[in-house]
>>> print(open('my_file04.txt').read())   # compact mmCIF, N, CA and C atoms and all ligand atoms
# COMPACT_ATOMS: atom_id res chain seq x y z
N MET N 810 0.85 -1.19 0.00
CA MET N 810 0.00 0.00 0.00
C MET N 810 0.89 1.24 0.00
N TYR N 811 0.35 2.25 -0.62
CA TYR N 811 1.09 3.51 -0.66
C TYR N 811 0.89 4.26 0.64
N HIS N 812 2.00 4.56 1.23
CA HIS N 812 1.93 5.26 2.50
C HIS N 812 2.13 6.75 2.27
N ALA N 813 1.08 7.49 2.45
CA ALA N 813 1.15 8.92 2.20
C ALA N 813 1.98 9.60 3.28
N PRO N 814 2.79 10.54 2.86
CA PRO N 814 3.57 11.28 3.87
C PRO N 814 2.64 12.07 4.77
N PRO N 815 2.96 12.12 6.02
CA PRO N 815 2.09 12.84 6.95
C PRO N 815 2.12 14.34 6.71
N ALA N 816 0.99 14.93 6.83
CA ALA N 816 0.91 16.38 6.62
C ALA N 816 1.36 17.11 7.88
N HIS N 817 1.98 18.24 7.63
CA HIS N 817 2.40 19.06 8.76
C HIS N 817 1.57 20.34 8.76
N PRO N 818 0.48 20.31 9.44
CA PRO N 818 -0.42 21.47 9.37
C PRO N 818 0.14 22.71 10.02
N SER N 819 1.01 22.52 11.00
CA SER N 819 1.46 23.70 11.74
C SER N 819 2.95 23.95 11.55
N ALA N 820 3.70 22.95 11.08
CA ALA N 820 5.15 23.11 11.04
C ALA N 820 5.59 24.04 9.91
N ALA N 821 5.23 23.68 8.67
CA ALA N 821 5.74 24.44 7.54
C ALA N 821 4.69 25.42 7.04
N PRO N 822 5.08 26.65 6.84
CA PRO N 822 4.13 27.60 6.25
C PRO N 822 3.86 27.22 4.80
N PRO N 823 2.65 27.44 4.34
CA PRO N 823 2.28 26.98 3.00
C PRO N 823 2.85 27.82 1.88
N GLY N 824 3.78 28.67 2.19
CA GLY N 824 4.36 29.49 1.15
C GLY N 824 3.68 30.83 1.09
N VAL N 825 4.02 31.56 0.06
CA VAL N 825 3.51 32.91 -0.04
C VAL N 825 3.09 33.17 -1.49
N THR N 826 2.03 33.87 -1.65
CA THR N 826 1.55 34.24 -2.97
C THR N 826 1.37 35.75 -3.03
N CYS N 827 1.88 36.33 -4.10
CA CYS N 827 1.74 37.78 -4.25
C CYS N 827 0.33 38.10 -4.71
N LEU N 828 -0.30 38.98 -3.98
CA LEU N 828 -1.67 39.34 -4.33
C LEU N 828 -1.71 40.26 -5.55
N ARG N 829 -0.57 40.83 -5.87
CA ARG N 829 -0.54 41.76 -6.99
C ARG N 829 -0.39 41.03 -8.32
N CYS N 830 0.68 40.22 -8.42
CA CYS N 830 0.98 39.62 -9.72
C CYS N 830 0.65 38.14 -9.74
N GLY N 831 0.32 37.57 -8.60
CA GLY N 831 -0.08 36.17 -8.57
C GLY N 831 1.07 35.20 -8.49
N GLN N 832 2.31 35.71 -8.45
CA GLN N 832 3.44 34.80 -8.28
C GLN N 832 3.36 34.13 -6.92
N SER N 833 3.83 32.89 -6.88
CA SER N 833 3.84 32.20 -5.60
C SER N 833 5.18 31.53 -5.41
N TRP N 834 5.58 31.46 -4.18
CA TRP N 834 6.83 30.80 -3.82
C TRP N 834 6.51 29.75 -2.78
N PRO N 835 7.12 28.56 -2.89
CA PRO N 835 6.84 27.51 -1.90
C PRO N 835 7.23 27.92 -0.50
N ARG N 836 8.17 28.82 -0.41
CA ARG N 836 8.57 29.36 0.89
C ARG N 836 8.84 30.84 0.71
N ASP N 837 8.46 31.61 1.68
CA ASP N 837 8.66 33.05 1.56
C ASP N 837 10.13 33.35 1.31
N PRO N 838 10.46 33.99 0.18
CA PRO N 838 11.87 34.21 -0.15
C PRO N 838 12.63 35.01 0.90
N VAL N 839 11.95 35.86 1.60
CA VAL N 839 12.67 36.64 2.61
C VAL N 839 13.13 35.76 3.76
N LEU N 840 12.50 34.58 3.87
CA LEU N 840 12.91 33.68 4.95
C LEU N 840 14.17 32.91 4.59
N GLU N 841 14.63 33.05 3.34
CA GLU N 841 15.85 32.37 2.93
C GLU N 841 17.10 33.12 3.35
N VAL N 842 16.93 34.32 3.80
CA VAL N 842 18.06 35.11 4.26
C VAL N 842 17.80 35.56 5.69
N ALA N 843 18.87 35.84 6.39
CA ALA N 843 18.72 36.39 7.74
C ALA N 843 18.47 37.88 7.63
N CYS N 844 17.73 38.39 8.60
CA CYS N 844 17.38 39.81 8.53
C CYS N 844 18.52 40.66 9.06
N PRO N 845 19.00 41.59 8.24
CA PRO N 845 20.07 42.48 8.73
C PRO N 845 19.57 43.51 9.73
N SER N 846 18.27 43.67 9.81
CA SER N 846 17.75 44.70 10.71
C SER N 846 17.52 44.16 12.12
N CYS N 847 16.81 43.02 12.20
CA CYS N 847 16.47 42.52 13.53
C CYS N 847 17.20 41.21 13.81
N HIS N 848 18.03 40.77 12.85
CA HIS N 848 18.84 39.56 13.01
C HIS N 848 17.98 38.32 13.20
N ALA N 849 16.81 38.31 12.59
CA ALA N 849 16.01 37.10 12.59
C ALA N 849 16.73 36.05 11.75
N LYS N 850 16.71 34.82 12.23
CA LYS N 850 17.44 33.76 11.55
C LYS N 850 16.73 33.36 10.27
N VAL N 851 17.47 32.61 9.42
CA VAL N 851 16.87 32.07 8.20
C VAL N 851 15.72 31.15 8.59
N GLY N 852 14.58 31.38 8.00
CA GLY N 852 13.43 30.54 8.27
C GLY N 852 12.50 31.10 9.32
N SER N 853 12.94 32.12 10.04
CA SER N 853 12.05 32.71 11.04
C SER N 853 11.73 34.14 10.65
N GLY N 854 10.55 34.53 11.02
CA GLY N 854 10.07 35.85 10.64
C GLY N 854 10.76 36.95 11.40
N CYS N 855 10.56 38.15 10.91
CA CYS N 855 11.16 39.30 11.55
C CYS N 855 10.57 39.50 12.94
N LYS N 856 11.41 39.98 13.79
CA LYS N 856 10.98 40.21 15.17
C LYS N 856 11.14 41.68 15.51
N ARG N 857 10.19 42.14 16.25
CA ARG N 857 10.34 43.47 16.82
C ARG N 857 11.22 43.35 18.06
N PRO N 858 11.77 44.46 18.51
CA PRO N 858 12.58 44.41 19.74
C PRO N 858 11.84 43.81 20.92
N SER N 859 10.51 43.93 20.90
CA SER N 859 9.72 43.39 22.00
C SER N 859 9.62 41.87 21.92
N GLY N 860 9.97 41.31 20.75
CA GLY N 860 9.88 39.87 20.60
C GLY N 860 8.66 39.45 19.83
N HIS N 861 7.72 40.35 19.62
CA HIS N 861 6.55 40.01 18.82
C HIS N 861 6.95 39.85 17.37
N GLN N 862 6.27 38.95 16.71
CA GLN N 862 6.58 38.75 15.30
C GLN N 862 5.97 39.89 14.49
N ALA N 863 6.80 40.47 13.66
CA ALA N 863 6.32 41.62 12.88
C ALA N 863 5.39 41.14 11.78
N GLN N 864 4.47 42.03 11.45
CA GLN N 864 3.52 41.68 10.40
C GLN N 864 4.22 41.68 9.04
N HIS N 865 5.12 42.60 8.87
CA HIS N 865 5.84 42.69 7.61
C HIS N 865 7.33 42.56 7.90
N VAL N 866 8.04 42.04 6.93
CA VAL N 866 9.48 41.91 7.11
C VAL N 866 10.12 43.27 6.93
N HIS N 867 11.32 43.39 7.44
CA HIS N 867 12.04 44.64 7.29
C HIS N 867 12.45 44.85 5.83
N ALA N 868 12.50 46.10 5.45
CA ALA N 868 12.80 46.42 4.06
C ALA N 868 14.19 45.95 3.68
N ALA N 869 15.12 46.03 4.62
CA ALA N 869 16.49 45.61 4.33
C ALA N 869 16.55 44.11 4.03
N ARG N 870 15.68 43.36 4.71
CA ARG N 870 15.67 41.92 4.48
C ARG N 870 15.07 41.60 3.12
N ASP N 871 14.06 42.34 2.74
CA ASP N 871 13.46 42.11 1.44
C ASP N 871 14.45 42.44 0.33
N LEU N 872 15.20 43.51 0.52
CA LEU N 872 16.21 43.88 -0.47
C LEU N 872 17.29 42.82 -0.56
N LEU N 873 17.66 42.28 0.59
CA LEU N 873 18.69 41.24 0.60
C LEU N 873 18.18 39.99 -0.12
N ALA N 874 16.91 39.67 0.11
CA ALA N 874 16.34 38.51 -0.57
C ALA N 874 16.26 38.74 -2.08
N LEU N 875 15.98 39.97 -2.47
CA LEU N 875 15.92 40.29 -3.89
C LEU N 875 17.26 40.02 -4.56
N ALA N 876 18.34 40.33 -3.83
CA ALA N 876 19.68 40.19 -4.41
C ALA N 876 20.21 38.77 -4.26
N THR N 877 19.61 37.97 -3.39
CA THR N 877 20.18 36.68 -3.06
C THR N 877 19.37 35.52 -3.62
N VAL N 878 18.09 35.55 -3.40
CA VAL N 878 17.25 34.38 -3.72
C VAL N 878 16.96 34.35 -5.21
N LEU N 879 17.26 33.19 -5.81
CA LEU N 879 16.99 33.01 -7.22
C LEU N 879 15.48 32.92 -7.43
N GLY N 880 15.03 33.53 -8.49
CA GLY N 880 13.62 33.47 -8.81
C GLY N 880 12.78 34.48 -8.06
N TYR N 881 13.43 35.28 -7.24
CA TYR N 881 12.70 36.30 -6.50
C TYR N 881 13.16 37.66 -7.00
N GLY N 882 12.24 38.42 -7.53
CA GLY N 882 12.59 39.72 -8.07
C GLY N 882 11.53 40.73 -7.75
N PRO N 883 11.74 41.92 -8.22
CA PRO N 883 10.73 42.95 -7.97
C PRO N 883 9.40 42.56 -8.60
N CYS N 884 8.34 42.94 -7.95
CA CYS N 884 7.01 42.57 -8.41
C CYS N 884 6.72 43.26 -9.74
N PRO N 885 6.41 42.48 -10.77
CA PRO N 885 6.13 43.11 -12.07
C PRO N 885 4.83 43.90 -12.07
N ALA N 886 3.98 43.61 -11.11
CA ALA N 886 2.71 44.32 -11.06
C ALA N 886 2.76 45.54 -10.16
N ALA N 887 3.89 45.69 -9.46
CA ALA N 887 4.00 46.84 -8.58
C ALA N 887 4.27 48.09 -9.41
N GLU N 888 4.14 49.21 -8.75
CA GLU N 888 4.40 50.45 -9.45
C GLU N 888 5.87 50.53 -9.80
N PRO N 889 6.18 50.96 -11.00
CA PRO N 889 7.59 51.04 -11.41
C PRO N 889 8.36 52.00 -10.54
N ILE N 890 9.61 51.61 -10.28
CA ILE N 890 10.44 52.38 -9.35
C ILE N 890 11.08 53.54 -10.11
N ALA N 891 10.64 54.73 -9.82
CA ALA N 891 11.23 55.95 -10.37
C ALA N 891 11.35 55.88 -11.88
N ALA N 892 10.27 55.43 -12.50
CA ALA N 892 10.31 55.37 -13.96
C ALA N 892 10.05 56.77 -14.52
N PRO N 893 11.01 57.26 -15.25
CA PRO N 893 10.81 58.62 -15.79
C PRO N 893 9.76 58.60 -16.88
N GLN N 894 8.97 59.61 -16.87
CA GLN N 894 7.94 59.69 -17.89
C GLN N 894 8.58 59.97 -19.23
N ARG N 895 8.38 59.04 -20.12
CA ARG N 895 8.98 59.19 -21.44
C ARG N 895 8.12 60.13 -22.28
N ARG N 896 8.70 61.23 -22.57
CA ARG N 896 7.96 62.20 -23.37
C ARG N 896 8.42 62.10 -24.81
N ALA N 897 7.46 62.02 -25.67
CA ALA N 897 7.78 61.90 -27.10
C ALA N 897 8.18 63.27 -27.64
N THR N 898 9.46 63.53 -27.47
CA THR N 898 9.96 64.81 -27.97
C THR N 898 10.82 64.55 -29.20
N PRO N 899 10.50 65.15 -30.27
CA PRO N 899 11.32 64.98 -31.48
C PRO N 899 12.71 65.57 -31.28
N THR N 900 13.67 64.96 -31.93
CA THR N 900 15.06 65.37 -31.71
C THR N 900 15.34 66.74 -32.32
N ASN N 901 14.74 67.01 -33.42
CA ASN N 901 15.02 68.31 -34.03
C ASN N 901 14.21 69.43 -33.40
N GLY N 902 13.08 69.07 -32.87
CA GLY N 902 12.30 70.04 -32.13
C GLY N 902 11.62 71.08 -33.01
N THR N 903 11.58 70.82 -34.28
CA THR N 903 10.91 71.80 -35.15
C THR N 903 9.52 71.33 -35.48
N THR N 904 8.60 71.71 -34.64
CA THR N 904 7.21 71.38 -34.91
C THR N 904 6.56 72.54 -35.64
N GLN N 905 6.18 72.27 -36.85
CA GLN N 905 5.63 73.36 -37.66
C GLN N 905 4.13 73.37 -37.59
N LEU N 906 3.64 74.51 -37.30
CA LEU N 906 2.19 74.67 -37.30
C LEU N 906 1.78 75.27 -38.64
N THR N 907 1.16 74.44 -39.43
CA THR N 907 0.74 74.95 -40.74
C THR N 907 -0.71 75.38 -40.65
N LEU N 908 -0.89 76.62 -40.85
CA LEU N 908 -2.25 77.15 -40.80
C LEU N 908 -2.78 77.28 -42.21
N ASN N 909 -3.84 76.62 -42.47
CA ASN N 909 -4.46 76.72 -43.79
C ASN N 909 -5.43 77.90 -43.81
N LEU N 910 -4.93 79.02 -44.29
CA LEU N 910 -5.78 80.21 -44.33
C LEU N 910 -6.55 80.30 -45.63
ZN ZN N 1001 13.76 41.95 10.46
ZN ZN N 1002 4.02 40.45 -7.22
>>> encode(input="my_file04.txt", output="structure tokens")
Amino acid sequence: MYHAPPAHPSAAPPGVTCLRCGQSWPRDPVLEVACPSCHAKVGSGCKRPSGHQAQHVHAARDLLALATVLGYGPCPAAEPIAAPQRRATPTNGTTQLTLNL
């Protein structure tokens, strides 16, 4: 008989899914690195100085995960970071207004 592996309902988090772009990771990528801000270990969430688990990870940890974890990048559905507005300006700049009188 096939013996199914036992489920761990409380041990492993079910991963994370981005609500913006729908990407999902089997494990939260920020948990793959230690937090440089609060020194939370790999696999454990960010901690406040009080010891409570923070709702969101520290920004420094997210940046570190972006640079470290393969397959984890900036959200394509998020607002572009400092994207300059591309203005369609002609190089010669000679826009002629022809008035048909
Ligand atoms: Zn942290
Ligand atoms: Zn996303």
>>> residues_near_ligand(input="my_file04.txt", ligand="ligand ZN 1001 (chain N)", cutoff="10 Å", atoms="only C-alpha atoms and all ligand atoms", output="PyMOL selection string")
chain N and resi 839-840+843-850+853-858+862-863+865-871
>>> residues_near_ligand(input="my_file04.txt", ligand="ligand ZN 1002 (chain N)", cutoff="8 Å", atoms="all atoms listed in the file", output="ChimeraX atom specification")
/N:826-833,882-887
>>> residues_around(input="my_file04.txt", residues="N:Ala874", least_positions_apart="5", cutoff="8 Å", atoms="only C-alpha atoms", output="PDB file with N, CA and C atoms, in the coordinates of the input")
ATOM      1  N   PRO N 838      10.460  33.990   0.180  1.00  0.00           N
ATOM      2  CA  PRO N 838      11.870  34.210  -0.150  1.00  0.00           C
ATOM      3  C   PRO N 838      12.630  35.010   0.900  1.00  0.00           C
ATOM      4  N   VAL N 839      11.950  35.860   1.600  1.00  0.00           N
ATOM      5  CA  VAL N 839      12.670  36.640   2.610  1.00  0.00           C
ATOM      6  C   VAL N 839      13.130  35.760   3.760  1.00  0.00           C
ATOM      7  N   GLU N 841      14.630  33.050   3.340  1.00  0.00           N
ATOM      8  CA  GLU N 841      15.850  32.370   2.930  1.00  0.00           C
ATOM      9  C   GLU N 841      17.100  33.120   3.350  1.00  0.00           C
ATOM     10  N   VAL N 842      16.930  34.320   3.800  1.00  0.00           N
ATOM     11  CA  VAL N 842      18.060  35.110   4.260  1.00  0.00           C
ATOM     12  C   VAL N 842      17.800  35.560   5.690  1.00  0.00           C
ATOM     13  N   TYR N 881      13.430  35.280  -7.240  1.00  0.00           N
ATOM     14  CA  TYR N 881      12.700  36.300  -6.500  1.00  0.00           C
ATOM     15  C   TYR N 881      13.160  37.660  -7.000  1.00  0.00           C
TER      16      TYR N 881
END
>>> atom_distance(input="my_file04.txt", atom1="atom N of N:Gly824", atom2="atom N of N:Ala876")
19.6 Å
>>> atom_distance(input="my_file04.txt", atom1="atom C of N:Arg836", atom2="atom N of N:Leu875")
12.0 Å
>>> atom_distance(input="my_file04.txt", atom1="atom C of N:Gly880", atom2="atom CA of N:Trp834")
8.2 Å
